[in-house]
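Peer 1: File follows, run_0.txt with compact mmCIF, C-alpha atoms:
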# COMPACT_ATOMS: atom_id res chain seq x y z
CA MET A 273 148.32 27.79 -65.27
CA GLY A 274 149.54 27.26 -61.72
CA PRO A 275 149.97 30.01 -59.14
CA PHE A 276 153.69 30.34 -59.96
CA LEU A 277 153.12 31.22 -63.61
CA THR A 278 150.04 33.26 -62.73
CA LEU A 279 152.15 35.46 -60.47
CA ILE A 280 154.92 35.84 -63.07
CA SER A 281 152.44 36.82 -65.77
CA ARG A 282 150.75 39.35 -63.47
CA ASP A 283 154.10 40.95 -62.63
CA LEU A 284 155.06 41.09 -66.31
CA GLY A 285 151.68 42.66 -67.09
CA LEU A 286 152.22 45.27 -64.37
CA ALA A 287 155.72 45.98 -65.72
CA VAL A 288 154.32 46.56 -69.21
CA ARG A 289 151.64 48.95 -67.90
CA GLU A 290 154.16 51.05 -66.00
CA GLY A 291 156.67 51.03 -68.86
CA GLY A 292 158.29 54.15 -67.44
CA ALA A 293 160.13 52.04 -64.87
CA LEU A 294 161.97 50.08 -67.56
CA GLY A 295 162.68 53.27 -69.50
CA THR A 296 164.35 54.78 -66.44
CA VAL A 297 166.57 51.74 -65.96
CA LEU A 298 167.60 51.55 -69.63
CA GLY A 299 168.21 55.31 -69.73
CA PHE A 300 170.38 55.13 -66.60
CA ASN A 301 172.40 52.31 -68.16
CA LEU A 302 172.90 54.31 -71.36
CA ILE A 303 174.04 57.41 -69.48
CA VAL A 304 176.50 55.59 -67.21
CA VAL A 305 178.13 53.90 -70.21
CA SER A 306 178.23 57.03 -72.35
CA LEU A 307 179.89 59.00 -69.53
CA MET A 308 182.88 56.65 -69.64
CA PRO A 309 184.46 57.88 -72.92
CA LEU A 310 183.89 61.45 -71.73
CA GLY A 311 185.71 60.74 -68.49
CA LEU A 312 188.52 58.61 -69.89
CA GLY A 313 189.24 60.44 -73.13
CA PRO A 314 188.99 59.15 -76.71
CA ASP A 315 191.61 56.40 -76.41
CA LEU A 316 189.94 53.65 -78.49
CA ASN A 317 192.33 50.91 -77.39
CA LEU A 318 191.77 51.70 -73.73
CA LEU A 319 188.00 51.84 -74.22
CA SER A 320 187.77 48.50 -75.99
CA ARG A 321 190.00 46.92 -73.33
CA ILE A 322 187.80 48.06 -70.41
CA ALA A 323 184.48 47.75 -72.27
CA PRO A 324 183.43 44.38 -70.72
CA GLY A 325 184.01 45.70 -67.22
CA VAL A 326 182.22 48.97 -67.87
CA LEU A 327 179.22 47.21 -69.42
CA TRP A 328 178.92 44.74 -66.54
CA ILE A 329 179.24 47.39 -63.84
CA ALA A 330 176.74 49.67 -65.58
CA LEU A 331 174.31 46.77 -65.85
CA LEU A 332 174.69 45.90 -62.14
CA LEU A 333 174.08 49.52 -61.11
CA SER A 334 171.05 49.81 -63.39
CA ALA A 335 169.59 46.56 -62.07
CA LEU A 336 170.23 47.80 -58.53
CA LEU A 337 168.14 50.86 -59.31
CA SER A 338 165.13 48.67 -60.09
CA LEU A 339 165.48 46.23 -57.16
CA PRO A 340 163.68 48.20 -54.41
CA ARG A 341 160.45 47.99 -56.39
CA VAL A 342 160.42 44.18 -56.58
CA PHE A 343 158.53 43.67 -53.31
CA GLU A 344 157.71 47.23 -52.24
CA ALA A 345 154.37 47.67 -54.03
CA ASP A 346 153.06 44.24 -53.01
CA PHE A 347 154.09 44.86 -49.41
CA GLU A 348 152.51 48.32 -49.21
CA ASP A 349 149.16 47.47 -50.79
CA GLY A 350 148.68 44.24 -48.84
CA SER A 351 149.09 41.91 -51.82
CA LEU A 352 151.97 40.16 -50.09
CA GLU A 353 149.68 39.21 -47.18
CA ALA A 354 147.24 37.64 -49.58
CA LEU A 355 149.99 36.00 -51.65
CA ALA A 356 151.32 34.39 -48.46
CA LEU A 357 148.01 32.54 -48.00
CA GLY A 358 148.26 30.82 -51.38
CA SER A 359 149.36 27.24 -51.87
CA MET A 360 152.97 28.30 -52.50
CA PRO A 361 155.44 28.95 -49.68
CA LEU A 362 156.86 32.49 -49.59
CA GLY A 363 160.12 31.20 -51.07
CA LEU A 364 158.31 30.32 -54.29
CA VAL A 365 156.45 33.64 -54.26
CA ALA A 366 159.89 35.29 -54.05
CA ALA A 367 161.21 33.08 -56.86
CA ALA A 368 158.31 34.02 -59.13
CA LYS A 369 158.78 37.72 -58.47
CA CYS A 370 162.55 37.53 -59.03
CA ALA A 371 161.97 35.60 -62.27
CA ALA A 372 159.57 38.33 -63.41
CA HIS A 373 162.21 40.95 -62.51
CA TRP A 374 164.77 39.06 -64.62
CA ILE A 375 162.48 38.91 -67.65
CA ALA A 376 161.18 42.48 -67.35
CA THR A 377 164.39 44.28 -66.39
CA ALA A 378 167.54 42.17 -66.78
CA VAL A 379 166.77 40.77 -70.25
CA PRO A 380 166.11 44.23 -71.78
CA LEU A 381 169.39 45.42 -70.22
CA CYS A 382 171.21 42.45 -71.80
CA LEU A 383 169.70 43.24 -75.19
CA LEU A 384 170.73 46.90 -74.93
CA ALA A 385 174.33 45.92 -74.16
CA PRO A 386 175.58 45.27 -77.75
CA LEU A 387 174.55 48.79 -78.70
CA LEU A 388 176.47 50.18 -75.75
CA GLY A 389 179.39 47.89 -76.65
CA LEU A 390 179.65 49.72 -79.99
CA LEU A 391 179.88 53.02 -78.10
CA LEU A 392 182.92 51.63 -76.27
CA ASN A 393 184.59 50.25 -79.41
CA LEU A 394 184.12 46.65 -78.30
CA ASP A 395 185.16 44.20 -81.04
CA VAL A 396 182.04 43.47 -83.09
CA THR A 397 182.80 39.75 -83.19
CA LEU A 398 182.54 39.72 -79.39
CA LEU A 399 179.00 41.15 -79.28
CA PRO A 400 177.18 37.75 -79.46
CA LEU A 401 179.43 36.47 -76.66
CA LEU A 402 178.68 39.63 -74.66
CA VAL A 403 174.92 39.03 -74.86
CA ALA A 404 175.31 35.33 -74.03
CA THR A 405 177.49 36.14 -71.01
CA LEU A 406 175.04 38.72 -69.71
CA LEU A 407 172.04 36.41 -70.20
CA ILE A 408 173.77 33.57 -68.35
CA GLY A 409 175.03 35.79 -65.55
CA THR A 410 172.05 38.04 -64.86
CA PRO A 411 169.74 35.48 -63.17
CA ALA A 412 172.14 35.76 -60.24
CA VAL A 413 171.64 39.54 -60.32
CA SER A 414 167.85 39.22 -59.96
CA PHE A 415 167.73 36.31 -57.52
CA LEU A 416 170.50 37.58 -55.19
CA GLY A 417 169.11 41.10 -55.50
CA GLY A 418 165.76 39.81 -54.25
CA ILE A 419 167.38 39.05 -50.88
CA GLY A 420 168.45 42.66 -50.49
CA ALA A 421 165.09 43.93 -51.71
CA ALA A 422 163.23 41.80 -49.16
CA LEU A 423 165.55 42.63 -46.26
CA THR A 424 165.29 46.40 -46.79
CA LEU A 425 161.50 46.49 -47.32
CA ARG A 426 160.61 48.73 -44.41
CA SER A 427 163.79 50.80 -44.12
CA ARG A 428 163.73 54.50 -44.95
CA ARG A 429 167.06 54.47 -46.81
CA GLY A 430 166.36 51.15 -48.50
CA GLY A 431 167.96 52.00 -51.83
CA VAL A 432 171.42 52.69 -50.44
CA LEU A 433 171.20 49.78 -48.05
CA ILE A 434 170.39 47.39 -50.90
CA ALA A 435 173.57 48.50 -52.67
CA LEU A 436 175.66 47.77 -49.56
CA LEU A 437 174.04 44.37 -49.05
CA VAL A 438 173.87 43.15 -52.61
CA LEU A 439 176.85 44.55 -54.53
CA PRO A 440 179.38 42.38 -52.63
CA LEU A 441 177.31 39.32 -53.59
CA TYR A 442 177.69 40.29 -57.25
CA VAL A 443 181.51 40.09 -57.15
CA PRO A 444 181.80 36.47 -58.42
CA THR A 445 179.34 37.16 -61.24
CA LEU A 446 181.25 40.30 -62.20
CA ILE A 447 184.66 38.55 -62.20
CA PHE A 448 183.59 35.57 -64.29
CA GLY A 449 181.36 37.69 -66.52
CA ILE A 450 184.32 39.86 -67.50
CA SER A 451 186.76 36.98 -67.79
CA ALA A 452 184.37 35.14 -70.14
CA ILE A 453 184.32 38.08 -72.57
CA ASP A 454 188.08 38.62 -72.24
CA GLY A 455 188.69 34.89 -72.75
CA GLY A 456 186.63 34.96 -75.94
CA GLY A 457 188.80 37.80 -77.22
CA LEU A 458 191.96 35.69 -76.90
CA GLY A 459 190.70 33.39 -79.62
CA THR A 460 191.67 30.30 -77.65
CA GLY A 461 188.14 29.20 -76.84
CA GLY A 462 188.82 30.55 -73.39
CA ALA A 463 185.25 31.71 -72.74
CA ALA A 464 183.77 28.30 -71.99
CA PRO A 465 185.17 27.69 -68.46
CA SER A 466 184.13 31.14 -67.26
CA LEU A 467 180.68 30.76 -68.82
CA MET A 468 180.18 27.46 -67.03
CA ILE A 469 181.14 28.95 -63.67
CA LEU A 470 178.88 31.92 -64.41
CA GLY A 471 176.03 29.51 -65.11
CA ALA A 472 176.76 27.64 -61.89
CA ILE A 473 176.63 30.88 -59.88
CA SER A 474 173.28 31.75 -61.47
CA LEU A 475 171.82 28.30 -60.79
CA ALA A 476 172.96 28.42 -57.17
CA ALA A 477 171.43 31.89 -56.81
CA ILE A 478 168.12 30.69 -58.31
CA VAL A 479 167.94 27.85 -55.77
CA LEU A 480 169.32 29.52 -52.64
CA GLY A 481 168.29 33.16 -53.12
CA PRO A 482 164.51 32.59 -52.82
CA LEU A 483 164.98 30.65 -49.56
CA ALA A 484 166.62 33.67 -47.93
CA THR A 485 164.19 36.06 -49.61
CA GLY A 486 161.19 34.05 -48.43
CA ALA A 487 162.47 34.07 -44.86
CA ALA A 488 162.98 37.84 -45.00
CA LEU A 489 159.44 38.36 -46.36
CA LYS A 490 158.00 36.14 -43.61
CA ALA A 491 159.76 38.25 -41.01
CA HIS A 492 158.27 41.42 -42.51
CA LEU A 493 154.73 40.01 -42.40
CA SER A 494 154.85 39.20 -38.70
CA MET B 219 138.72 21.73 -51.21
CA SER B 220 137.81 18.16 -50.51
CA ASP B 221 138.28 18.18 -46.76
CA ALA B 222 135.97 20.31 -44.67
CA PRO B 223 137.18 21.79 -41.40
CA THR B 224 134.90 21.00 -38.50
CA ARG B 225 136.34 23.17 -35.74
CA LEU B 226 139.07 25.74 -35.19
CA HIS B 227 140.80 25.63 -31.83
CA VAL B 228 142.89 28.35 -30.25
CA GLU B 229 144.54 26.99 -27.14
CA ALA B 230 146.38 28.95 -24.41
CA LEU B 231 147.68 31.35 -27.04
CA ALA B 232 150.29 33.94 -26.04
CA VAL B 233 151.79 36.34 -28.57
CA LEU B 234 154.58 38.86 -28.10
CA ARG B 235 154.87 42.08 -30.10
CA GLY B 236 158.11 43.98 -29.70
CA GLY B 237 158.81 42.15 -26.45
CA ARG B 238 155.43 43.15 -25.03
CA ARG B 239 152.84 40.50 -24.33
CA VAL B 240 149.82 41.43 -26.45
CA LEU B 241 147.88 38.22 -26.01
CA HIS B 242 148.06 36.01 -22.96
CA ASP B 243 146.37 32.68 -22.42
CA VAL B 244 143.64 33.14 -25.00
CA SER B 245 141.58 29.99 -25.61
CA PHE B 246 138.42 29.49 -27.59
CA SER B 247 137.08 27.32 -30.34
CA VAL B 248 134.80 28.02 -33.27
CA ALA B 249 132.82 25.26 -34.94
CA ALA B 250 132.04 25.10 -38.64
CA GLY B 251 128.99 27.24 -39.31
CA GLU B 252 129.72 29.67 -36.50
CA ALA B 253 130.71 33.31 -36.58
CA LEU B 254 132.82 34.89 -33.85
CA VAL B 255 133.10 38.64 -33.40
CA LEU B 256 136.20 39.89 -31.59
CA ARG B 257 135.70 42.96 -29.48
CA GLY B 258 137.98 45.05 -27.37
CA PRO B 259 139.55 48.50 -27.13
CA ASN B 260 142.39 49.66 -29.39
CA GLY B 261 145.49 47.66 -28.62
CA ALA B 262 143.57 44.72 -27.15
CA GLY B 263 145.21 42.39 -29.66
CA LYS B 264 142.37 41.75 -32.13
CA THR B 265 144.58 42.16 -35.18
CA THR B 266 147.38 40.20 -33.54
CA LEU B 267 145.00 37.32 -32.83
CA LEU B 268 143.73 37.25 -36.42
CA ARG B 269 147.24 37.44 -37.89
CA THR B 270 148.42 34.65 -35.61
CA ILE B 271 145.53 32.43 -36.74
CA ALA B 272 146.42 33.19 -40.37
CA GLY B 273 149.99 32.12 -39.63
CA TYR B 274 151.74 35.43 -40.22
CA MET B 275 152.95 35.53 -36.62
CA GLN B 276 154.34 32.76 -34.49
CA PRO B 277 152.78 32.43 -31.03
CA ALA B 278 155.13 32.53 -28.04
CA ALA B 279 153.04 29.81 -26.42
CA GLY B 280 149.95 27.79 -27.22
CA HIS B 281 148.78 26.90 -30.69
CA VAL B 282 146.06 27.14 -33.31
CA ARG B 283 144.73 24.07 -35.06
CA ILE B 284 141.87 23.03 -37.32
CA ASP B 285 140.03 19.71 -37.01
CA GLY B 286 138.93 17.77 -40.03
CA VAL B 287 141.53 18.79 -42.61
CA ALA B 288 144.53 17.09 -44.18
CA SER B 289 147.59 17.90 -42.12
CA ASP B 290 149.92 18.69 -45.03
CA ALA B 291 148.27 22.01 -45.82
CA THR B 292 149.27 24.93 -43.62
CA LEU B 293 146.67 26.76 -41.57
CA GLY B 294 146.94 29.76 -43.86
CA GLU B 295 145.82 27.75 -46.86
CA HIS B 296 142.40 27.34 -45.26
CA CYS B 297 142.09 31.04 -44.52
CA HIS B 298 141.06 34.23 -46.25
CA TYR B 299 142.50 37.26 -44.49
CA VAL B 300 141.10 40.69 -45.27
CA GLY B 301 142.94 43.23 -43.16
CA HIS B 302 143.54 46.95 -43.26
CA LEU B 303 145.09 46.76 -46.73
CA ASN B 304 143.02 45.86 -49.77
CA ALA B 305 145.58 44.07 -51.98
CA VAL B 306 144.24 45.94 -55.02
CA LYS B 307 146.61 46.73 -57.89
CA ALA B 308 145.97 50.24 -59.21
CA GLN B 309 147.30 49.43 -62.70
CA LEU B 310 144.88 46.54 -63.26
CA THR B 311 141.16 46.84 -63.89
CA VAL B 312 138.62 45.72 -61.30
CA ALA B 313 137.91 42.48 -63.20
CA GLU B 314 141.63 41.77 -63.77
CA ASN B 315 142.36 42.21 -60.07
CA LEU B 316 139.68 39.71 -59.14
CA ASP B 317 140.65 37.27 -61.89
CA PHE B 318 144.26 37.29 -60.71
CA TRP B 319 143.23 36.30 -57.18
CA ARG B 320 140.90 33.63 -58.52
CA ARG B 321 143.70 32.02 -60.53
CA TYR B 322 146.41 32.52 -57.88
CA LEU B 323 144.30 31.11 -55.05
CA GLY B 324 143.13 28.22 -57.23
CA GLY B 325 139.54 29.40 -57.04
CA THR B 326 136.77 27.46 -58.71
CA ALA B 327 134.38 30.38 -59.12
CA THR B 328 133.54 30.58 -62.80
CA ASP B 329 131.21 33.53 -62.85
CA LEU B 330 133.16 36.58 -61.79
CA ASP B 331 130.45 38.88 -63.16
CA THR B 332 127.96 37.64 -60.58
CA ILE B 333 130.46 38.23 -57.78
CA LEU B 334 131.20 41.74 -59.05
CA GLU B 335 127.47 42.43 -59.32
CA ARG B 336 126.92 41.18 -55.79
CA LEU B 337 129.41 43.73 -54.49
CA GLY B 338 128.07 46.50 -56.71
CA LEU B 339 131.20 46.63 -58.87
CA ASP B 340 129.73 45.32 -62.12
CA ALA B 341 129.32 48.77 -63.68
CA ILE B 342 133.02 49.56 -63.19
CA ALA B 343 134.46 46.11 -63.95
CA ASP B 344 136.60 47.48 -66.79
CA ALA B 345 137.77 50.60 -64.97
CA ALA B 346 141.34 50.82 -63.68
CA ALA B 347 141.37 50.20 -59.95
CA ALA B 348 143.38 53.39 -59.48
CA TYR B 349 140.17 55.39 -59.94
CA LEU B 350 138.15 53.51 -57.30
CA SER B 351 137.00 55.18 -54.11
CA ALA B 352 138.12 53.79 -50.77
CA GLY B 353 134.80 52.03 -50.31
CA GLN B 354 134.94 50.47 -53.78
CA LYS B 355 138.46 49.20 -53.16
CA ARG B 356 137.25 47.63 -49.94
CA ARG B 357 134.38 45.96 -51.83
CA LEU B 358 136.93 44.59 -54.31
CA ALA B 359 138.99 43.21 -51.41
CA LEU B 360 135.87 41.53 -50.03
CA ALA B 361 135.10 40.05 -53.46
CA ARG B 362 138.29 38.00 -53.00
CA LEU B 363 136.43 36.04 -50.30
CA LEU B 364 134.05 34.69 -52.93
CA VAL B 365 136.40 33.78 -55.81
CA ALA B 366 138.15 30.95 -54.00
CA ARG B 367 136.40 28.84 -51.42
CA ARG B 368 138.24 28.82 -48.12
CA ALA B 369 136.74 27.59 -44.89
CA VAL B 370 138.02 30.24 -42.50
CA TRP B 371 137.37 33.94 -43.07
CA LEU B 372 139.51 36.25 -40.96
CA LEU B 373 138.16 39.78 -41.23
CA ASP B 374 139.93 42.70 -39.58
CA GLU B 375 137.71 45.78 -39.45
CA PRO B 376 136.05 44.70 -42.71
CA THR B 377 133.48 47.51 -42.71
CA VAL B 378 135.98 50.38 -42.78
CA SER B 379 134.88 52.84 -45.50
CA LEU B 380 131.90 50.65 -46.48
CA ASP B 381 128.46 52.25 -46.73
CA THR B 382 125.40 50.71 -45.05
CA ASP B 383 124.54 48.80 -48.22
CA GLY B 384 128.07 47.35 -48.39
CA THR B 385 127.94 46.40 -44.71
CA ALA B 386 124.64 44.60 -45.30
CA THR B 387 126.15 42.74 -48.27
CA LEU B 388 129.12 41.68 -46.15
CA ALA B 389 126.81 40.48 -43.37
CA ALA B 390 124.81 38.46 -45.91
CA MET B 391 128.00 36.98 -47.39
CA ALA B 392 129.24 36.00 -43.92
CA GLY B 393 125.85 34.51 -43.08
CA GLU B 394 125.85 32.38 -46.24
CA HIS B 395 129.44 31.33 -45.63
CA CYS B 396 128.51 30.09 -42.16
CA ALA B 397 125.39 28.38 -43.48
CA GLY B 398 127.62 26.59 -45.99
CA GLY B 399 129.80 25.16 -43.23
CA GLY B 400 132.42 27.91 -43.06
CA LEU B 401 133.82 29.85 -40.13
CA VAL B 402 134.00 33.61 -39.77
CA ILE B 403 136.16 35.41 -37.23
CA ALA B 404 135.80 39.17 -37.45
CA ALA B 405 137.30 41.99 -35.42
CA THR B 406 135.10 45.04 -35.39
CA HIS B 407 133.94 47.98 -33.31
CA ILE B 408 130.52 48.25 -34.88
CA ASP B 409 127.76 45.74 -35.17
CA LEU B 410 128.23 43.68 -38.33
CA GLY B 411 124.74 42.28 -38.17
CA ILE B 412 125.86 38.70 -38.70
CA ALA B 413 123.00 36.59 -37.42
CA GLY B 414 123.82 34.30 -34.51
CA ALA B 415 127.38 35.52 -34.04
CA ARG B 416 129.13 34.88 -30.74
CA GLU B 417 131.29 37.53 -29.17
CA LEU B 418 134.75 37.33 -27.64
CA SER B 419 135.97 40.28 -25.62
CA LEU B 420 139.69 40.79 -25.53
CA ALA B 421 140.47 43.02 -22.59
CA GLY B 422 144.12 43.24 -23.53
CA ARG B 423 146.78 44.88 -21.39
CA LYS B 424 148.40 42.84 -18.65
CA GLU B 425 145.41 41.08 -17.22
CA ALA B 426 144.41 37.99 -19.11
CA ALA B 427 140.75 38.77 -18.80
CA TRP B 428 138.67 37.51 -21.63
CA ALA B 429 135.20 36.12 -21.68
CA LEU B 430 132.89 34.39 -24.06
CA SER B 431 129.33 35.60 -24.07
Rewrite the structure from the file as structure tokens, please.
Peer 2:
Amino acid sequence: MGPFLTLISRDLGLAVREGGALGTVLGFNLIVVSLMPLGLGPDLNLLSRIAPGVLWIALLLSALLSLPRVFEADFEDGSLEALALGSMPLGLVAAAKCAAHWIATAVPLCLLAPLLGLLLNLDVTLLPLLVATLLIGTPAVSFLGGIGAALTLRSRRGGVLIALLVLPLYVPTLIFGISAIDGGGLGTGGAAPSLMILGAISLAAIVLGPLATGAALKAHLS
Amino acid sequence: MSDAPTRLHVEALAVLRGGRRVLHDVSFSVAAGEALVLRGPNGAGKTTLLRTIAGYMQPAAGHVRIDGVASDATLGEHCHYVGHLNAVKAQLTVAENLDFWRRYLGGTATDLDTILERLGLDAIADAAAAYLSAGQKRRLALARLLVARRAVWLLDEPTVSLDTDGTATLAAMAGEHCAGGGLVIAATHIDLGIAGARELSLAGRKEAAWALS
């Protein structure tokens, strides 16, 4: 097992041992979504129409909640210094940590989504498409989020700053994520184009995000 | 590591921190098998010098290079850096912490038990690192030096929170590393007891006074 996979498996192991972190994120997601019907009233047609948007936005906010921790612990305990002296450049270290964040945080959020979709009266036939859309779109959430997490490492109000830096970057993912689910509902096979663009955004984020994240980490180490 | 470094050169090094010149015109070289102890008052630039050699910081002028190694590896890949932070994960056990660094750094050490025993951590190998004392965490950080063979050891105040026994172990480890063709550069205020170590005094401040003894 190379250093890349070693680092991913360590981060996943750490995530399992502090399971409370994932519980917080999933609980936050559940609460945001279940507040919606309370705020908007019991109009089932309205709820099912806005369900894709609500689910995506709730997922982005929940993921945002978990982002500050991606690099914080490693930076504070000196692990990042030692990781930087490995055979991988910091960009790959960042990629491994973002990949671990996707597996440990984004995937559970995606798997929770169908349950929350039922709460919002989302058409049951759309639930598989919902999960597929979220799984294709969320790599961009982790890999673009890593940039914000790395840039705000030493700032006192890091959490709020991450939101300001990262949420605008999520706009394309949000737009095509929602339009994929809406397109599937039309019954015209309209989901495919949006899904492909969503995949393209994620792939671009996986390639370009770690470069920026690595540069930000390098600046923090100096 | 197939290629063995023969000499580490620091040439006319100048480093800026926050616009202030911390190091100015520092030059020295350390041959394989030698230990160099950095001395100087607080703020003299000992940590800055070590972090620049490790490649964390970019020098404003001058450069650091190693003779006798393939040029495609970065300087940092030949270095172990043990600084003020221990890089110990509280959620993992002592043995898991060490095993992670062995695998991540591509270490060839097969017998982690012997390394743990050497540093007096064998009895608590299965304990969560969260329950270690400061000195035990430092010993675990120093164990990292032994799991993967790297030619250059950069030690910044390595004896902080170590007891006399731990300090003696560290001195013995550094001595063996030098005897095996490695280099040790350590910044410290107290005597490490590394046999045959040279000293470099960094006077710091504005004047570029430094002297090899």
Peer 1: Go through A:Leu402, A:Leu391, A:Leu310, A:Leu352 and flag the residue nearest Leu493 in chain A, using all atoms listed in the file for the distances.
Peer 2: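 Checking each candidate against Leu493 in chain A, we get A:Leu352 as the closest.
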Peer 1: So how many Å separate CA of His395 in chain B and CA of Ser351 in chain B, to one decimal?
Peer 2: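 According to the coordinates, CA of His395 in chain B and CA of Ser351 in chain B are separated by 26.4 Å.
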Peer 1: Might you pull out every residue within 12 Å of Trp319 in chain B, with all atoms listed in the file counted and same-chain residues fewer than 6 positions away left off, and present them as a ChimeraX atom specification?
Peer 2: /A:274-275,278-279,282,351-352,354-355,357-358 /B:298,305-307,312-313,325-327,330,358-367
Peer 1: I need the chosen residues saved as a short mmCIF file (atom, residue, chain, number, x, y, z; two decimals), in the frame of the given file, with C-alpha atoms.
Peer 2:
data_model
loop_
_atom_site.label_atom_id
_atom_site.label_comp_id
_atom_site.auth_asym_id
_atom_site.auth_seq_id
_atom_site.Cartn_x
_atom_site.Cartn_y
_atom_site.Cartn_z
CA GLY A 274 149.54 27.26 -61.72
CA PRO A 275 149.97 30.01 -59.14
CA THR A 278 150.04 33.26 -62.73
CA LEU A 279 152.15 35.46 -60.47
CA ARG A 282 150.75 39.35 -63.47
CA SER A 351 149.09 41.91 -51.82
CA LEU A 352 151.97 40.16 -50.09
CA ALA A 354 147.24 37.64 -49.58
CA LEU A 355 149.99 36.00 -51.65
CA LEU A 357 148.01 32.54 -48.00
CA GLY A 358 148.26 30.82 -51.38
CA HIS B 298 141.06 34.23 -46.25
CA ALA B 305 145.58 44.07 -51.98
CA VAL B 306 144.24 45.94 -55.02
CA LYS B 307 146.61 46.73 -57.89
CA VAL B 312 138.62 45.72 -61.30
CA ALA B 313 137.91 42.48 -63.20
CA GLY B 325 139.54 29.40 -57.04
CA THR B 326 136.77 27.46 -58.71
CA ALA B 327 134.38 30.38 -59.12
CA LEU B 330 133.16 36.58 -61.79
CA LEU B 358 136.93 44.59 -54.31
CA ALA B 359 138.99 43.21 -51.41
CA LEU B 360 135.87 41.53 -50.03
CA ALA B 361 135.10 40.05 -53.46
CA ARG B 362 138.29 38.00 -53.00
CA LEU B 363 136.43 36.04 -50.30
CA LEU B 364 134.05 34.69 -52.93
CA VAL B 365 136.40 33.78 -55.81
CA ALA B 366 138.15 30.95 -54.00
CA ARG B 367 136.40 28.84 -51.42
#
Peer 1: Under the rule of at most 12 Å, produce a per-residue listing of chain A near chain B: chain, number, name, the closest pair of atoms, and the distance in Å, as a tab-separated table, using all atoms listed in the file.
Peer 2:
residue	atom	partner	partner_atom	distance
A:Met273	CA	B:Arg321	CA	7.9
A:Gly274	CA	B:Tyr322	CA	7.2
A:Pro275	CA	B:Tyr322	CA	4.5
A:Phe276	CA	B:Tyr322	CA	7.9
A:Leu277	CA	B:Tyr322	CA	8.9
A:Thr278	CA	B:Tyr322	CA	6.1
A:Leu279	CA	B:Tyr322	CA	6.9
A:Ile280	CA	B:Tyr322	CA	10.5
A:Ser281	CA	B:Phe318	CA	9.6
A:Arg282	CA	B:Phe318	CA	7.3
A:Asp283	CA	B:Lys307	CA	10.6
A:Leu284	CA	B:Leu310	CA	11.9
A:Gly285	CA	B:Leu310	CA	8.7
A:Leu286	CA	B:Gln309	CA	6.7
A:Ala287	CA	B:Gln309	CA	9.6
A:Val288	CA	B:Gln309	CA	10.0
A:Arg289	CA	B:Gln309	CA	6.8
A:Glu290	CA	B:Gln309	CA	7.8
A:Gly291	CA	B:Gln309	CA	11.3
A:Ala345	CA	B:Lys307	CA	8.7
A:Asp346	CA	B:Ala305	CA	7.6
A:Phe347	CA	B:Ala305	CA	8.9
A:Glu348	CA	B:Leu303	CA	8.0
A:Asp349	CA	B:Ala305	CA	5.1
A:Gly350	CA	B:Ala305	CA	4.4
A:Ser351	CA	B:Ala305	CA	4.1
A:Leu352	CA	B:Ala305	CA	7.7
A:Glu353	CA	B:Tyr299	CA	7.9
A:Ala354	CA	B:Tyr299	CA	7.0
A:Leu355	CA	B:Tyr322	CA	8.0
A:Ala356	CA	B:Gly294	CA	7.9
A:Leu357	CA	B:Gly294	CA	5.1
A:Gly358	CA	B:Leu323	CA	5.4
A:Ser359	CA	B:Glu295	CA	6.2
A:Met360	CA	B:Glu295	CA	9.1
A:Pro361	CA	B:Thr292	CA	9.5
A:Leu362	CA	B:Tyr274	CA	11.1
A:Val365	CA	B:Tyr322	CA	10.7
A:Ala487	CA	B:Tyr274	CA	11.8
A:Leu489	CA	B:Tyr274	CA	10.3
A:Lys490	CA	B:Tyr274	CA	7.2
A:Ala491	CA	B:Tyr274	CA	8.5
A:His492	CA	B:Tyr274	CA	9.2
A:Leu493	CA	B:Tyr274	CA	5.9
A:Ser494	CA	B:Met275	CA	4.6
Peer 1: Tell me which protein, DNA and RNA residues are within 10 Å of Leu380 in chain B, counting all atoms listed in the file, leaving out same-chain ones fewer than 4 positions away, and put them as an mmCIF file with C-alpha atoms, in the coordinates of the input.
Peer 2:
data_model
loop_
_atom_site.group_PDB
_atom_site.id
_atom_site.type_symbol
_atom_site.label_atom_id
_atom_site.label_comp_id
_atom_site.auth_asym_id
_atom_site.auth_seq_id
_atom_site.Cartn_x
_atom_site.Cartn_y
_atom_site.Cartn_z
ATOM 1 C CA ALA B 352 138.120 53.790 -50.770
ATOM 2 C CA GLY B 353 134.800 52.030 -50.310
ATOM 3 C CA GLN B 354 134.940 50.470 -53.780
ATOM 4 C CA LYS B 355 138.460 49.200 -53.160
ATOM 5 C CA ARG B 356 137.250 47.630 -49.940
ATOM 6 C CA ARG B 357 134.380 45.960 -51.830
ATOM 7 C CA PRO B 376 136.050 44.700 -42.710
ATOM 8 C CA GLY B 384 128.070 47.350 -48.390
ATOM 9 C CA THR B 385 127.940 46.400 -44.710
ATOM 10 C CA ALA B 386 124.640 44.600 -45.300
ATOM 11 C CA THR B 387 126.150 42.740 -48.270
ATOM 12 C CA LEU B 388 129.120 41.680 -46.150
#
Peer 1: Identify, on the basis of only C-alpha atoms, every residue whose closest approach to Cys370 in chain A does not exceed 9 Å; exclude the query and any residue fewer than 4 positions from it along the same chain; express the result as a tab-separated table (two decimals) with C-alpha atoms, in the frame of the given file.
Peer 2:
chain	number	residue	atom	x	y	z
A	280	ILE	CA	154.92	35.84	-63.07
A	342	VAL	CA	160.42	44.18	-56.58
A	365	VAL	CA	156.45	33.64	-54.26
A	366	ALA	CA	159.89	35.29	-54.05
A	374	TRP	CA	164.77	39.06	-64.62
A	375	ILE	CA	162.48	38.91	-67.65
A	411	PRO	CA	169.74	35.48	-63.17
A	414	SER	CA	167.85	39.22	-59.96
A	415	PHE	CA	167.73	36.31	-57.52
A	416	LEU	CA	170.50	37.58	-55.19
A	417	GLY	CA	169.11	41.10	-55.50
A	418	GLY	CA	165.76	39.81	-54.25
A	478	ILE	CA	168.12	30.69	-58.31
A	482	PRO	CA	164.51	32.59	-52.82
